[in-house]
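> So that you have it, the file is protein.pdb, and it contains PDB, C-alpha atoms and all ligand atoms:
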ATOM      1  CA  MET A 599       0.000   0.000   0.000
ATOM      2  CA  SER A 600       1.403   3.427  -0.833
ATOM      3  CA  ALA A 601       1.980   5.890   2.017
ATOM      4  CA  THR A 602      -0.764   8.032   0.529
ATOM      5  CA  ARG A 603      -3.337   5.243   0.454
ATOM      6  CA  GLN A 604      -2.382   4.269   4.022
ATOM      7  CA  ASP A 605      -2.899   7.833   5.113
ATOM      8  CA  GLU A 606      -6.368   8.032   3.515
ATOM      9  CA  GLN A 607      -7.390   4.699   4.987
ATOM     10  CA  ALA A 608      -6.133   5.511   8.483
ATOM     11  CA  VAL A 609      -8.541   8.419   8.712
ATOM     12  CA  LEU A 610     -11.482   6.441   7.350
ATOM     13  CA  ASN A 611     -10.777   3.249   9.234
ATOM     14  CA  LYS A 612     -11.321   4.448  12.763
ATOM     15  CA  ASP A 613     -14.196   1.961  13.245
ATOM     16  CA  TYR A 614     -12.347  -0.849  11.429
ATOM     17  CA  SER A 615     -12.205  -3.167  14.437
ATOM     18  CA  LYS A 616     -16.005  -3.310  14.707
ATOM     19  CA  SER A 617     -17.269  -6.510  13.113
ATOM     20  CA  ASP A 618     -20.043  -4.727  11.171
ATOM     21  CA  TYR A 619     -17.650  -2.057   9.862
ATOM     22  CA  TYR A 620     -18.225  -1.276   6.186
ATOM     23  CA  ILE A 621     -16.637   1.613   4.330
ATOM     24  CA  LEU A 622     -18.873   2.082   1.257
ATOM     25  CA  ALA A 623     -22.047   4.160   1.213
ATOM     26  CA  SER A 624     -25.318   2.212   1.559
ATOM     27  CA  ASP A 625     -27.359   5.206   0.406
ATOM     28  CA  PHE A 626     -29.480   5.584  -2.733
ATOM     29  CA  GLN A 627     -26.405   6.209  -4.909
ATOM     30  CA  GLY A 628     -24.893   2.948  -3.675
ATOM     31  CA  THR A 629     -28.154   1.147  -4.453
ATOM     32  CA  VAL A 630     -28.264   2.541  -7.989
ATOM     33  CA  ARG A 631     -24.631   1.564  -8.544
ATOM     34  CA  LEU A 632     -25.145  -2.022  -7.354
ATOM     35  CA  ALA A 633     -28.409  -2.453  -9.258
ATOM     36  CA  LEU A 634     -26.843  -1.250 -12.515
ATOM     37  CA  GLN A 635     -23.802  -3.434 -11.904
ATOM     38  CA  GLN A 636     -26.023  -6.524 -11.483
ATOM     39  CA  TYR A 637     -27.678  -5.974 -14.870
ATOM     40  CA  ILE A 638     -24.434  -5.073 -16.653
ATOM     41  CA  TRP A 639     -22.595  -8.110 -15.257
ATOM     42  CA  ARG A 640     -25.444 -10.470 -16.131
ATOM     43  CA  GLU A 641     -25.584  -9.061 -19.645
ATOM     44  CA  ALA A 642     -21.803  -9.163 -20.186
ATOM     45  CA  LEU A 643     -21.072 -12.467 -18.426
ATOM     46  CA  GLY A 644     -24.195 -14.156 -19.754
ATOM     47  CA  PHE A 645     -25.097 -15.855 -16.442
ATOM     48  CA  ASN A 646     -26.041 -15.312 -12.817
ATOM     49  CA  ILE A 647     -25.026 -18.807 -11.725
ATOM     50  CA  HIS A 648     -21.624 -19.806 -13.098
ATOM     51  CA  PRO A 649     -22.025 -22.434 -15.870
ATOM     52  CA  SER A 650     -19.560 -24.804 -14.144
ATOM     53  CA  ILE A 651     -22.183 -25.365 -11.401
ATOM     54  CA  PRO A 652     -24.515 -28.245 -12.334
ATOM     55  CA  PRO A 653     -28.129 -27.157 -12.986
ATOM     56  CA  LEU A 654     -30.159 -26.778  -9.779
ATOM     57  CA  GLU A 655     -33.504 -28.425  -9.068
ATOM     58  CA  PRO A 656     -36.454 -25.989  -9.121
ATOM     59  CA  THR A 657     -36.812 -26.690  -5.356
ATOM     60  CA  ALA A 658     -33.206 -25.670  -4.599
ATOM     61  CA  SER A 659     -32.312 -23.693  -1.458
ATOM     62  CA  ILE A 660     -30.081 -20.715  -2.232
ATOM     63  CA  ALA A 661     -28.405 -18.172   0.045
ATOM     64  CA  ASP A 662     -27.057 -14.839  -1.122
ATOM     65  CA  ILE A 663     -24.653 -13.548   1.522
ATOM     66  CA  ALA A 664     -23.974  -9.780   1.683
ATOM     67  CA  CYS A 665     -26.892  -9.483  -0.717
ATOM     68  CA  GLY A 666     -27.026  -5.655  -0.955
ATOM     69  CA  THR A 667     -29.973  -4.924  -3.250
ATOM     70  CA  THR A 668     -31.044  -8.658  -3.404
ATOM     71  CA  LEU A 669     -31.247  -8.346  -7.197
ATOM     72  CA  TRP A 670     -28.936 -11.274  -7.947
ATOM     73  CA  LEU A 671     -31.161 -13.581  -5.886
ATOM     74  CA  VAL A 672     -34.395 -12.174  -7.317
ATOM     75  CA  GLU A 673     -33.102 -12.925 -10.826
ATOM     76  CA  VAL A 674     -31.956 -16.433  -9.877
ATOM     77  CA  GLY A 675     -35.369 -17.090  -8.293
ATOM     78  CA  ARG A 676     -37.075 -16.001 -11.495
ATOM     79  CA  GLN A 677     -34.927 -18.520 -13.408
ATOM     80  CA  LEU A 678     -35.780 -21.380 -11.013
ATOM     81  CA  GLY A 679     -39.419 -20.582 -10.270
ATOM     82  CA  PRO A 680     -41.584 -20.356  -7.123
ATOM     83  CA  PRO A 681     -40.714 -23.750  -5.521
ATOM     84  CA  SER A 682     -37.161 -22.484  -4.891
ATOM     85  CA  ASP A 683     -36.273 -21.449  -1.344
ATOM     86  CA  LEU A 684     -34.366 -18.161  -1.360
ATOM     87  CA  HIS A 685     -32.608 -16.465   1.569
ATOM     88  CA  ALA A 686     -30.870 -13.076   1.353
ATOM     89  CA  PHE A 687     -28.496 -12.098   4.187
ATOM     90  CA  ASP A 688     -26.782  -8.794   4.923
ATOM     91  CA  VAL A 689     -25.483  -6.970   7.969
ATOM     92  CA  ASN A 690     -27.418  -3.968   6.694
ATOM     93  CA  LEU A 691     -30.661  -4.449   4.749
ATOM     94  CA  GLN A 692     -30.972  -0.758   3.896
ATOM     95  CA  GLN A 693     -30.407  -1.406   0.175
ATOM     96  CA  ALA A 694     -32.951  -4.218  -0.098
ATOM     97  CA  PRO A 695     -36.584  -3.591  -1.089
ATOM     98  CA  PRO A 696     -39.263  -4.046   1.599
ATOM     99  CA  LYS A 697     -40.275  -7.702   1.967
ATOM    100  CA  GLU A 698     -43.723  -6.822   0.575
ATOM    101  CA  TRP A 699     -42.081  -6.118  -2.819
ATOM    102  CA  LEU A 700     -40.043  -9.295  -2.922
ATOM    103  CA  PRO A 701     -41.139 -12.717  -4.175
ATOM    104  CA  GLU A 702     -42.891 -14.789  -1.506
ATOM    105  CA  ASN A 703     -40.202 -17.470  -1.637
ATOM    106  CA  LEU A 704     -37.446 -14.928  -0.786
ATOM    107  CA  THR A 705     -36.733 -14.138   2.884
ATOM    108  CA  LEU A 706     -34.481 -11.342   4.154
ATOM    109  CA  HIS A 707     -32.201 -11.855   7.153
ATOM    110  CA  LYS A 708     -29.971  -9.438   8.996
ATOM    111  CA  TRP A 709     -26.739 -11.362   9.610
ATOM    112  CA  ASN A 710     -23.104 -10.406  10.023
ATOM    113  CA  PHE A 711     -20.944 -13.007   8.267
ATOM    114  CA  PHE A 712     -18.300 -12.787  11.006
ATOM    115  CA  GLU A 713     -20.801 -14.082  13.552
ATOM    116  CA  ASP A 714     -21.937 -17.674  14.187
ATOM    117  CA  VAL A 715     -24.125 -19.252  11.508
ATOM    118  CA  PRO A 716     -27.685 -19.461  12.906
ATOM    119  CA  LYS A 717     -28.559 -23.075  13.747
ATOM    120  CA  GLU A 718     -31.483 -23.295  11.307
ATOM    121  CA  PHE A 719     -29.196 -22.466   8.340
ATOM    122  CA  LYS A 720     -26.354 -24.903   9.065
ATOM    123  CA  GLY A 721     -25.979 -27.409   6.204
ATOM    124  CA  LYS A 722     -29.103 -26.066   4.496
ATOM    125  CA  PHE A 723     -28.134 -24.617   1.117
ATOM    126  CA  ASP A 724     -27.563 -26.160  -2.331
ATOM    127  CA  LEU A 725     -25.878 -22.944  -3.465
ATOM    128  CA  VAL A 726     -24.278 -20.146  -1.471
ATOM    129  CA  HIS A 727     -23.395 -16.980  -3.364
ATOM    130  CA  VAL A 728     -21.329 -14.055  -2.177
ATOM    131  CA  ARG A 729     -20.213 -11.074  -4.234
ATOM    132  CA  LEU A 730     -17.981  -8.051  -3.766
ATOM    133  CA  ILE A 731     -17.117  -8.278  -0.096
ATOM    134  CA  THR A 732     -13.440  -7.334  -0.456
ATOM    135  CA  VAL A 733     -13.857  -4.103   1.486
ATOM    136  CA  ALA A 734     -15.412  -6.021   4.390
ATOM    137  CA  ILE A 735     -12.574  -8.569   4.707
ATOM    138  CA  LYS A 736     -10.330  -7.705   7.634
ATOM    139  CA  ASP A 737      -6.562  -8.074   8.065
ATOM    140  CA  ASN A 738      -6.193  -9.685   4.636
ATOM    141  CA  ASN A 739      -7.821 -12.814   6.110
ATOM    142  CA  PRO A 740     -10.990 -14.259   4.531
ATOM    143  CA  VAL A 741     -10.772 -17.550   6.517
ATOM    144  CA  PRO A 742     -13.478 -16.695   9.115
ATOM    145  CA  VAL A 743     -15.855 -15.942   6.227
ATOM    146  CA  ILE A 744     -14.849 -19.082   4.280
ATOM    147  CA  LYS A 745     -15.582 -21.204   7.370
ATOM    148  CA  ASN A 746     -19.065 -19.707   7.743
ATOM    149  CA  LEU A 747     -19.890 -20.096   4.038
ATOM    150  CA  PHE A 748     -18.838 -23.755   4.315
ATOM    151  CA  LYS A 749     -21.170 -24.277   7.298
ATOM    152  CA  LEU A 750     -24.144 -22.896   5.357
ATOM    153  CA  LEU A 751     -23.807 -25.482   2.570
ATOM    154  CA  ARG A 752     -25.293 -28.958   2.533
ATOM    155  CA  PRO A 753     -22.815 -31.738   1.649
ATOM    156  CA  GLY A 754     -22.406 -31.612  -2.149
ATOM    157  CA  GLY A 755     -23.606 -27.981  -2.308
ATOM    158  CA  HIS A 756     -21.714 -25.313  -4.256
ATOM    159  CA  LEU A 757     -20.164 -21.980  -3.356
ATOM    160  CA  GLN A 758     -19.953 -19.176  -5.943
ATOM    161  CA  TRP A 759     -17.835 -16.202  -4.872
ATOM    162  CA  ASP A 760     -17.542 -13.185  -7.206
ATOM    163  CA  GLU A 761     -14.973 -10.400  -6.863
ATOM    164  CA  VAL A 762     -13.016  -8.095  -9.146
ATOM    165  CA  ASP A 763      -9.302  -8.339  -9.905
ATOM    166  CA  VAL A 764      -8.367  -4.752  -9.099
ATOM    167  CA  TYR A 765      -4.680  -5.479  -9.786
ATOM    168  CA  LYS A 766      -5.500  -6.213 -13.408
ATOM    169  CA  SER A 767      -7.673  -3.138 -14.006
ATOM    170  CA  PHE A 768      -7.003  -1.614 -17.401
ATOM    171  CA  VAL A 769      -8.111   1.246 -19.613
ATOM    172  CA  VAL A 770      -9.849   0.693 -22.938
ATOM    173  CA  LYS A 771      -9.905   3.414 -25.586
ATOM    174  CA  ALA A 772     -12.283   3.840 -28.500
ATOM    175  CA  TYR A 773      -9.312   4.546 -30.767
ATOM    176  CA  ALA A 774      -5.581   3.995 -30.229
ATOM    177  CA  GLU A 775      -4.357   7.615 -30.516
ATOM    178  CA  LEU A 776      -6.686   8.907 -27.789
ATOM    179  CA  GLU A 777      -4.750  10.374 -24.829
ATOM    180  CA  VAL A 778      -6.488   9.763 -21.482
ATOM    181  CA  PRO A 779      -3.960  10.656 -18.753
ATOM    182  CA  ALA A 780      -6.556  11.126 -16.008
ATOM    183  CA  MET A 781      -8.260   7.818 -16.822
ATOM    184  CA  ASP A 782      -4.809   6.163 -16.747
ATOM    185  CA  ALA A 783      -3.999   7.810 -13.392
ATOM    186  CA  TRP A 784      -7.350   6.821 -11.902
ATOM    187  CA  CYS A 785      -6.965   3.225 -13.077
ATOM    188  CA  ALA A 786      -3.455   3.071 -11.582
ATOM    189  CA  TRP A 787      -4.802   4.468  -8.302
ATOM    190  CA  MET A 788      -7.663   1.946  -8.219
ATOM    191  CA  ALA A 789      -5.221  -0.877  -8.917
ATOM    192  CA  GLY A 790      -2.990   0.435  -6.101
ATOM    193  CA  THR A 791      -0.051   0.548  -8.478
ATOM    194  CA  LYS A 792       0.485   4.297  -8.676
ATOM    195  CA  GLU A 793       3.858   4.021  -6.985
ATOM    196  CA  GLY A 794       4.516   0.633  -8.542
ATOM    197  CA  GLN A 795       3.367  -1.135  -5.384
ATOM    198  CA  GLY A 796       0.755  -3.808  -4.928
ATOM    199  CA  ASN A 797      -2.137  -3.481  -2.560
ATOM    200  CA  PRO A 798      -1.283  -5.945   0.210
ATOM    201  CA  GLU A 799      -4.542  -5.549   2.101
ATOM    202  CA  ASN A 800      -6.261  -7.437  -0.720
ATOM    203  CA  GLU A 801      -3.535 -10.021  -1.271
ATOM    204  CA  TRP A 802      -5.902 -12.822  -0.133
ATOM    205  CA  ARG A 803      -7.678 -12.864  -3.505
ATOM    206  CA  ARG A 804      -4.516 -14.225  -5.112
ATOM    207  CA  HIS A 805      -4.652 -17.197  -2.749
ATOM    208  CA  LEU A 806      -8.377 -17.797  -2.412
ATOM    209  CA  THR A 807      -8.438 -20.992  -4.497
ATOM    210  CA  GLY A 808      -5.915 -22.651  -2.152
ATOM    211  CA  MET A 809      -7.582 -21.227   0.941
ATOM    212  CA  LEU A 810     -10.932 -22.724  -0.087
ATOM    213  CA  THR A 811      -9.290 -26.142  -0.470
ATOM    214  CA  GLU A 812      -7.459 -25.810   2.866
ATOM    215  CA  ASN A 813     -10.801 -25.083   4.537
ATOM    216  CA  GLY A 814     -12.597 -28.198   3.345
ATOM    217  CA  PHE A 815     -13.867 -27.353  -0.149
ATOM    218  CA  GLN A 816     -13.125 -29.581  -3.131
ATOM    219  CA  THR A 817     -12.663 -28.738  -6.823
ATOM    220  CA  ALA A 818     -12.102 -25.048  -6.022
ATOM    221  CA  GLN A 819     -11.540 -23.188  -9.255
ATOM    222  CA  ARG A 820     -10.945 -19.573 -10.189
ATOM    223  CA  HIS A 821     -12.556 -18.288 -13.403
ATOM    224  CA  ASP A 822     -11.257 -15.006 -14.850
ATOM    225  CA  GLU A 823     -14.080 -13.338 -16.753
ATOM    226  CA  GLY A 824     -12.575  -9.943 -17.724
ATOM    227  CA  ASP A 825     -12.584 -10.608 -21.458
ATOM    228  CA  ARG A 826     -16.390 -10.727 -21.469
ATOM    229  CA  PHE A 827     -16.480  -6.924 -21.371
ATOM    230  CA  LEU A 828     -14.218  -6.719 -24.419
ATOM    231  CA  GLU A 829     -16.799  -8.880 -26.205
ATOM    232  CA  HIS A 830     -19.542  -6.400 -25.188
ATOM    233  CA  LYS A 831     -18.000  -3.034 -26.021
ATOM    234  CA  HIS A 832     -21.336  -1.226 -25.925
ATOM    235  CA  LEU A 833     -21.520  -2.023 -22.162
ATOM    236  CA  MET A 834     -18.042  -0.790 -21.212
ATOM    237  CA  ARG A 835     -19.082   2.767 -20.419
ATOM    238  CA  TYR A 836     -21.917   1.625 -18.123
ATOM    239  CA  ASN A 837     -19.550  -0.719 -16.355
ATOM    240  CA  SER A 838     -16.916   1.974 -15.850
ATOM    241  CA  ASP A 839     -19.070   4.971 -14.839
ATOM    242  CA  PRO A 840     -20.384   3.304 -11.644
ATOM    243  CA  LEU A 841     -16.733   2.800 -10.640
ATOM    244  CA  LEU A 842     -16.205   6.548 -11.133
ATOM    245  CA  MET A 843     -19.227   7.109  -8.920
ATOM    246  CA  LEU A 844     -17.745   4.843  -6.266
ATOM    247  CA  SER A 845     -14.379   6.633  -6.434
ATOM    248  CA  GLU A 846     -16.071  10.001  -6.164
ATOM    249  CA  GLN A 847     -17.960   8.877  -3.051
ATOM    250  CA  TYR A 848     -14.724   7.600  -1.554
ATOM    251  CA  ALA A 849     -12.871  10.828  -2.463
ATOM    252  CA  ARG A 850     -15.629  12.901  -0.833
ATOM    253  CA  ARG A 851     -15.310  10.910   2.347
ATOM    254  CA  VAL A 852     -11.545  11.442   2.390
ATOM    255  CA  TYR A 853     -12.132  15.146   1.655
ATOM    256  CA  SER A 854     -14.664  15.423   4.494
ATOM    257  CA  THR A 855     -12.004  14.293   6.984
ATOM    258  CA  GLY A 856      -9.863  17.291   6.016
ATOM    259  CA  ASN A 857      -7.231  15.061   4.374
ATOM    260  CA  GLU A 858      -5.648  16.906   1.430
ATOM    261  CA  GLN A 859      -5.640  13.684  -0.630
ATOM    262  CA  GLY A 860      -9.414  14.140  -0.928
ATOM    263  CA  THR A 861      -9.031  17.226  -3.139
ATOM    264  CA  LYS A 862      -6.463  15.455  -5.310
ATOM    265  CA  LEU A 863      -8.669  12.387  -5.720
ATOM    266  CA  LEU A 864     -11.744  14.444  -6.542
ATOM    267  CA  LYS A 865      -9.805  16.248  -9.288
ATOM    268  CA  THR A 866      -8.534  12.973 -10.734
ATOM    269  CA  VAL A 867     -12.049  11.499 -10.782
ATOM    270  CA  GLU A 868     -13.496  14.640 -12.379
ATOM    271  CA  ALA A 869     -10.812  14.598 -15.091
ATOM    272  CA  ALA A 870     -11.252  10.830 -15.627
ATOM    273  CA  ALA A 871     -14.978  11.451 -16.168
ATOM    274  CA  LYS A 872     -14.034  13.844 -18.998
ATOM    275  CA  ASP A 873     -11.722  11.196 -20.438
ATOM    276  CA  ALA A 874     -14.665   8.773 -20.299
ATOM    277  CA  GLU A 875     -16.817  11.190 -22.291
ATOM    278  CA  ASN A 876     -14.037  11.360 -24.870
ATOM    279  CA  GLY A 877     -14.137   7.603 -25.441
ATOM    280  CA  SER A 878     -12.427   5.632 -22.708
ATOM    281  CA  ALA A 879     -13.444   3.279 -19.913
ATOM    282  CA  MET A 880     -11.829   1.273 -17.156
ATOM    283  CA  ILE A 881     -12.323  -2.464 -16.850
ATOM    284  CA  MET A 882     -11.913  -4.131 -13.485
ATOM    285  CA  PRO A 883     -12.034  -7.797 -14.479
ATOM    286  CA  PRO A 884     -14.548 -10.002 -12.641
ATOM    287  CA  ILE A 885     -13.145 -13.170 -11.023
ATOM    288  CA  ILE A 886     -15.449 -15.993  -9.962
ATOM    289  CA  TRP A 887     -14.517 -18.871  -7.670
ATOM    290  CA  VAL A 888     -16.600 -22.013  -7.692
ATOM    291  CA  ALA A 889     -16.066 -24.737  -5.086
ATOM    292  CA  GLN A 890     -18.031 -27.698  -3.736
ATOM    293  CA  LYS A 891     -18.542 -28.981  -0.187
ATOM    294  CA  PRO A 892     -17.666 -32.711  -0.272
ATOM    295  CA  LEU A 893     -20.540 -35.203  -0.065
TER
HETATM  296  C1  LIG B 901     -20.285  -3.992  -2.497
HETATM  297  S1  LIG B 901     -21.773  -4.518  -1.705
HETATM  298  C2  LIG B 901     -22.229  -5.902  -2.710
HETATM  299  C3  LIG B 901     -23.680  -6.266  -2.602
HETATM  300  C4  LIG B 901     -24.139  -7.429  -3.466
HETATM  301  N1  LIG B 901     -23.420  -8.648  -3.128
HETATM  302  C5  LIG B 901     -23.971  -7.115  -4.925
HETATM  303  O1  LIG B 901     -23.077  -7.678  -5.553
HETATM  304  O2  LIG B 901     -24.731  -6.296  -5.431
HETATM  305  C6  LIG B 901     -21.184  -5.287  -0.245
HETATM  306  C7  LIG B 901     -22.269  -5.732   0.726
HETATM  307  O3  LIG B 901     -21.648  -6.405   1.821
HETATM  308  C8  LIG B 901     -22.399  -6.128   2.982
HETATM  309  N2  LIG B 901     -21.556  -6.412   4.148
HETATM  310  C9  LIG B 901     -20.448  -5.747   4.544
HETATM  311  N3  LIG B 901     -19.958  -6.295   5.660
HETATM  312  C10 LIG B 901     -20.764  -7.348   5.972
HETATM  313  C11 LIG B 901     -20.778  -8.296   7.034
HETATM  314  N4  LIG B 901     -19.831  -8.263   7.995
HETATM  315  N5  LIG B 901     -21.746  -9.231   7.054
HETATM  316  C12 LIG B 901     -22.708  -9.263   6.089
HETATM  317  N6  LIG B 901     -22.754  -8.379   5.060
HETATM  318  C13 LIG B 901     -21.791  -7.429   5.006
HETATM  319  C14 LIG B 901     -22.739  -4.649   2.822
HETATM  320  O4  LIG B 901     -23.807  -4.256   3.694
HETATM  321  C15 LIG B 901     -23.094  -4.593   1.340
HETATM  322  O5  LIG B 901     -24.460  -4.828   1.132
END
For the file at hand, write its structure as structure tokens.
Ligand SMILES: C[S@@+](CC[C@H](N)C(=O)[O-])C[C@H]1O[C@@H](n2cnc3c(N)ncnc32)[C@H](O)[C@@H]1O

Amino acid sequence: MSATRQDEQAVLNKDYSKSDYYILASDFQGTVRLALQQYIWREALGFNIHPSIPPLEPTASIADIACGTTLWLVEVGRQLGPPSDLHAFDVNLQQAPPKEWLPENLTLHKWNFFEDVPKEFKGKFDLVHVRLITVAIKDNNPVPVIKNLFKLLRPGGHLQWDEVDVYKSFVVKAYAELEVPAMDAWCAWMAGTKEGQGNPENEWRRHLTGMLTENGFQTAQRHDEGDRFLEHKHLMRYNSDPLLMLSEQYARRVYSTGNEQGTKLLKTVEAAAKDAENGSAMIMPPIIWVAQKPL
């Protein structure tokens, strides 16, 4: 981590030790960003459930952990039909619709994934899905979460875990001669490589396949899906702009603490937005792990 990034994080992380600590905004802008991202990913990737997972019975039990808007699970439920048994969990259900607007077979639960798995859910699910929880993982150690995800599955059930490979973020330009220095700078900042350094707080993603195996899963496999966006160029702008939105929110929070980095970040994001209008986008490649709990 660069000294600058450490400095920004130190100010924002004062509640880091709390087990329900979460840095991103759960307000209406966050909801819009996540909802758009769900539709863009589904369109670009071509699936909600990774194709390496065998087809589920229409009566399958599915858990979406850290569900945010619940949209992934709503879409999966629509695919499977009403006999499916759907459970959406989050430490904060602020971004989910009221239960009255959700399908009858989908139940919302407030649950912190660092806490014990409730008895009634142990060994229950055919599929457990979790997506984009990097910012909630503490001390570069996903093992407590892996252990809880394992407990939720029935023997033979599958885990699907979706993240993004920030290290491999890259800029795409509509035409080769286009100069987009701010977009390049923003991408380097997001990837944590501005000073040529990695981003050690997220190192665990490089080792997740092995960690899943060490914690009881079998056939753990990592699928890199970044090229899908290159196959869907018309979607690249809508995939990149929500990331700008996220960076702007983050920059505003840094700014609000009085840290001078906030001003710098806001300027970079503003200039990168201009570069986007001129025909560029950033891709943060999706990575999907699929693993099975042994029978
Ligand atoms: C980036 S959002 C992703 C939401 C959803 N998975 C999606 O892809 O749209 C991360 C989610 O993790 C939830 N979260 C953060 N820490 C958590 C914890 N300790 N236990 C359960 N959920 C948590 C947040 O409330 C938020 O809804």
> Show me which residues are within 9 Å of ligand LIG 901 (chain B) counting all atoms listed in the file, and format the list as an MDAnalysis selection string.
chainID A and resid 617:624 628:629 631:636 662:670 687:694 708:713 727:735 743 760:761
> Could you list, as a list in words, every residue within 9 Å of stretch 678-686 of chain A, counting all atoms listed in the file and ignoring same-chain residues fewer than 2 positions away?
Leu654, Glu655, Pro656, Thr657, Ala658, Ser659, Ile660, Ala661, Asp662, Ile663, Ala664, Cys665, Gly666, Thr668, Leu671, Val672, Glu673, Val674, Gly675, Arg676, Asp688, Pro701, Glu702, Asn703, Leu704, Thr705, Leu706, His707 and Lys708 of chain A
> Within 9 Å of stretch 754-759 of chain A, which residues of stretch 782-886 of chain A come that close, and what is the closest atom pair and distance in Å for each? Count only C-alpha atoms and give it as CSV.

residue,atom,partner,partner_atom,distance
A:Phe815,CA,A:Leu757,CA,8.9
A:Ile885,CA,A:Trp759,CA,8.3
A:Ile886,CA,A:Trp759,CA,5.6
> In Å to one decimal, how far is atom CA of A:Lys697 from atom CA of A:Arg752?
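Atom-to-atom, atom CA of A:Arg752 to atom CA of A:Lys697, that is 26.0 Å.
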> Env of A:Leu776: 9 Å cut, atoms = all atoms listed in the file, seq-sep filter 5 positions within chain, self excluded. Answer as a PyMOL selection string.
chain A and resi 771+876-878
> Rounded to one decimal in Å, what is the spacing between atom CA of A:Arg820 and atom CA of A:Ala879?
25.0 Å
> Determine, counting all atoms listed in the file, which protein, DNA and RNA residues have an atom within 9 Å of an atom of A:Phe768; residues of the same chain fewer than 2 positions away are not included. Present the result as a list in words.
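Counting all atoms listed in the file, the residues come to Val764, Tyr765, Lys766, Val770, Asp782, Cys785, Ala786, Ala789, Ala879, Met880, Ile881, Met882 and Pro883 of chain A.
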> Can you work out which one of A:Asp737, A:Glu846, A:Asp625, A:Glu801 has the shortest atom-to-atom distance to A:Leu863, counting all atoms listed in the file?
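Among A:Asp737, A:Glu846, A:Asp625, A:Glu801, it is A:Glu846 that comes nearest to A:Leu863.
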> Any chance you could work out the residue set of the PyMOL selection byres (((chain A and resi 741) around 10) and not hetatm) here, as a PyMOL selection string?
chain A and resi 712+735-736+738-740+742-747+802+806+809-810+812-813
> Please report, as JSON, the centre and edge lengths in Å to one decimal of an axis-aligned box covering all listed atoms of stretch 822-833 of chain A with 8 Å per side.

{"center_x": -16.4, "center_y": -8.1, "center_z": -20.5, "size_x": 26.3, "size_y": 29.8, "size_z": 27.4}
> Return the single residue from A:Trp699, A:Arg803, A:Gly856, A:Lys749 that is closest to A:Pro716, with distances computed using all atoms listed in the file.
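Of A:Trp699, A:Arg803, A:Gly856, A:Lys749, the one nearest A:Pro716 is A:Lys749, counting all atoms listed in the file.
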> Quick one: distance from atom CA of A:Ser838 to atom CA of A:Ala874 in Å, one decimal?
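A separation of 8.4 Å between them.
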> Write out as number ranges by chain the residues lying within 12 Å of A:Glu829, counting all atoms listed in the file and excluding same-chain residues fewer than 4 positions away.
A: 641-644, 823-825, 833-834
> Which of these, A:Gly814, A:Thr866, A:Asp763, A:Val769, has the shortest distance to A:Gly790 once you count only C-alpha atoms?
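For A:Gly790, the nearest of the candidates is A:Asp763.
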